[in-house]
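Undergrad: Following this message is one structure expressed as structure tokens.
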Amino acid sequence: MTHEIPLLDEIAVSAYEIALRDGHFTDADIAAALGADPERVARARKALQELRLLTPGTAGRPVVPLDPEVAEAELVSPLEVAIAQRRREIARIHQELRALAAEYRARHRAPALDGPITVVDDVDEVRRQIDRARYDCAEERLSLQSGGGRPPELLDADREHTLELLRRGVRVRTLYQHTARTSLATRTYVQEITRRGAEVRTVDELSERLIIYDRKVAFIPKERPDSGPPGAAVVTEPTVVGYLRRAFESVWQVGRPFETDHQTAEYQHLAEETRLSVIRLMALGLKDEVIARRLGMATRTCRRHISAIMEEMGAVSRFQAGLIIGRQGVLSDAEFSPDSGTSGR
């Protein structure tokens, strides 16, 4: 492990200047001249010695200041040699693995992805395809993340990937559901990536997950009628990818920025928006589980919302609540319409 070079604080710089003036470094004299604590001066001396700005303390010999230019050369040269060696290793890895990757794609992967839409059943292969698309990504990554807050382990895995894209200048935009704002892990993740330049918004409903890289390749979850493998469709047909991107943009325009600071007023507004969404979906006659899935919340949480709404209305059944919604005009005609909302369906 490489030894970390210490940083010089104000005490160390001042102590070095006094040593230059006096021709030697004595802890007691330096402490008296600076009016500093002797322990701080001792730490400053050790830092200066590690930077080779002072001679080592040996018996019978005073500690004297050394030339910074000589110290710079002595410290930097080994680091430059190590950096050059690492760069050679990186170039060798790129050269060798890219040659093998071309051979691998020629024998195994190219036939599987010849079509404009390829359904991949194997989860590991889906991950490999996503990794490859991310590695090649140069302009933008768009993603819809339905289902409310994401598990911490998934966020940890995605954090480095997202930061890597941002470091390369890729524009990253992500849409979550409003319910993701209640997840501490998701808020922490969003705070970190937005500070690095990512853009994140939320809406009340998202129908499914979607990832698009560079307007060239899209990943959508595989349809699972029963308990089939959680694969994905890899879409490269330009017309379909363009359509999916326009669908993303339409939802993005109505999304609300995911602000991680000063959330109180925003939470109150979004809580009311979630309440209206629950009422609208109740009016459509959807089951609790379906409403919960549509809004990205736990079924138990959804049932608490429904119970509170029914109590507020004085309804003793879902049917009665539906009648009250229609009679009292709780929702506007547009909100009551089955085609309303921002689900991006």
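Chain labels run A, B, ... following the order of the structure tokens; each chain numbers its residues from 1, and ligands are numbered from 1 in the order shown.
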Just list the residues in segment 34-133 of chain A DSSP gives strand (DSSP E) on the backbone, as number ranges by chain.

TA: A: 117-120

Undergrad: Go ahead and save the picked residues with N, CA, C and O atoms, as a PDB file, in the first residue's frame.

TA:
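What ended up in selection33.pdb:
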```pdb
ATOM      1  N   ILE A 117     -34.726  -6.694 -31.642  1.00  0.00           N
ATOM      2  CA  ILE A 117     -35.235  -6.905 -30.283  1.00  0.00           C
ATOM      3  C   ILE A 117     -34.875  -8.324 -29.868  1.00  0.00           C
ATOM      4  O   ILE A 117     -35.314  -9.292 -30.496  1.00  0.00           O
ATOM      5  N   THR A 118     -34.056  -8.433 -28.838  1.00  0.00           N
ATOM      6  CA  THR A 118     -33.602  -9.742 -28.372  1.00  0.00           C
ATOM      7  C   THR A 118     -34.024  -9.933 -26.928  1.00  0.00           C
ATOM      8  O   THR A 118     -33.723  -9.093 -26.073  1.00  0.00           O
ATOM      9  N   VAL A 119     -34.723 -11.029 -26.647  1.00  0.00           N
ATOM     10  CA  VAL A 119     -35.133 -11.344 -25.287  1.00  0.00           C
ATOM     11  C   VAL A 119     -34.063 -12.223 -24.655  1.00  0.00           C
ATOM     12  O   VAL A 119     -33.736 -13.292 -25.174  1.00  0.00           O
ATOM     13  N   VAL A 120     -33.501 -11.755 -23.556  1.00  0.00           N
ATOM     14  CA  VAL A 120     -32.436 -12.468 -22.854  1.00  0.00           C
ATOM     15  C   VAL A 120     -32.995 -12.980 -21.536  1.00  0.00           C
ATOM     16  O   VAL A 120     -33.473 -12.197 -20.709  1.00  0.00           O
TER      17      VAL A 120
END
```

Undergrad: Please identify which residues in segment 69-201 of chain A DSSP calls alpha helix (DSSP H) from the backbone, and express them as a ChimeraX atom specification.

TA: /A:69-104,110-112,123-136,152-167,184-195

Undergrad: For segment 175-213 of chain A versus segment 237-261 of chain A, which residues have an atom no more than 8 Å away, and what is each residue's nearest atom pair and distance in Å rounded to one decimal, using only C-alpha atoms, chain-then-number order, as CSV?

TA:
```
residue,atom,partner,partner_atom,distance
A:Leu175,CA,A:Trp252,CA,7.0
A:Arg181,CA,A:Phe258,CA,7.6
A:Arg187,CA,A:Thr260,CA,6.2
A:Thr188,CA,A:Thr260,CA,7.9
A:Val190,CA,A:Thr260,CA,7.4
A:Gln191,CA,A:Thr260,CA,5.9
A:Glu199,CA,A:Pro257,CA,7.8
A:Val200,CA,A:Phe258,CA,5.5
A:Arg201,CA,A:Pro257,CA,4.2
A:Thr202,CA,A:Gly255,CA,5.1
A:Val203,CA,A:Gly255,CA,5.0
A:Ile212,CA,A:Arg245,CA,7.3
```

Undergrad: Looking at only C-alpha atoms, which of A:His305, A:Arg132, A:Arg196, A:Arg280 is the one that sits closest to Glu160 of chain A?

TA: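 Looking only at the distances to Glu160 of chain A, the closest residue turns out to be A:Arg196.
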
Undergrad: What's the separation between atom CA of Arg294 of chain A and atom CA of Glu223 of chain A, in Å to one decimal place?

TA: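 These two atoms are separated by 16.4 Å.
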
Undergrad: Which polymer residues have any atom within 8 Å of an atom of Pro65 of chain A, counting only C-alpha atoms, with same-chain residues fewer than 3 positions away left out, as a PyMOL selection string?

TA: chain A and resi 16+19-20+23-25+53-55

Undergrad: Which one is closest to Pro38 of chain A: A:Ala15, A:Ala218, A:Ala73, A:Glu125? Count only C-alpha atoms.

TA: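 Comparing A:Ala15, A:Ala218, A:Ala73, A:Glu125 against Pro38 of chain A, the winner is A:Ala15.
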
Undergrad: Taking only C-alpha atoms into account, which of A:Val234, A:Ile5, A:Glu10, A:Gly57 comes nearest Thr26 of chain A?

TA: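 Closest candidate: A:Gly57.
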
Undergrad: Please provide as a PDB file with C-alpha atoms, in the first residue's frame all residues within 9 Å of Ile130 of chain A, with the sequence filter that same-chain residues fewer than 4 positions apart are discarded (counting only C-alpha atoms).

TA:
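Wrote out.pdb, looks like this:
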```pdb
ATOM      1  CA  GLU A 125     -26.189 -12.121 -19.497  1.00  0.00           C
ATOM      2  CA  VAL A 126     -28.546  -9.157 -19.036  1.00  0.00           C
ATOM      3  CA  ARG A 134     -22.647   1.517 -20.135  1.00  0.00           C
ATOM      4  CA  TYR A 135     -19.005   1.058 -21.098  1.00  0.00           C
ATOM      5  CA  ILE A 211     -32.909   2.048 -19.304  1.00  0.00           C
ATOM      6  CA  PHE A 219     -33.443  -2.442 -21.804  1.00  0.00           C
TER       7      PHE A 219
END
```

Undergrad: In Å to one decimal, how far is atom CA of Thr162 of chain A from atom CA of Arg150 of chain A?

TA: 14.9 Å

Undergrad: Taking only C-alpha atoms into account, name the residue in A:Val123, A:Leu142, A:Ala36, A:Leu166 that is nearest to Gly231 of chain A.

TA: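 Between A:Val123, A:Leu142, A:Ala36, A:Leu166, the residue approaching Gly231 of chain A most closely is A:Val123.
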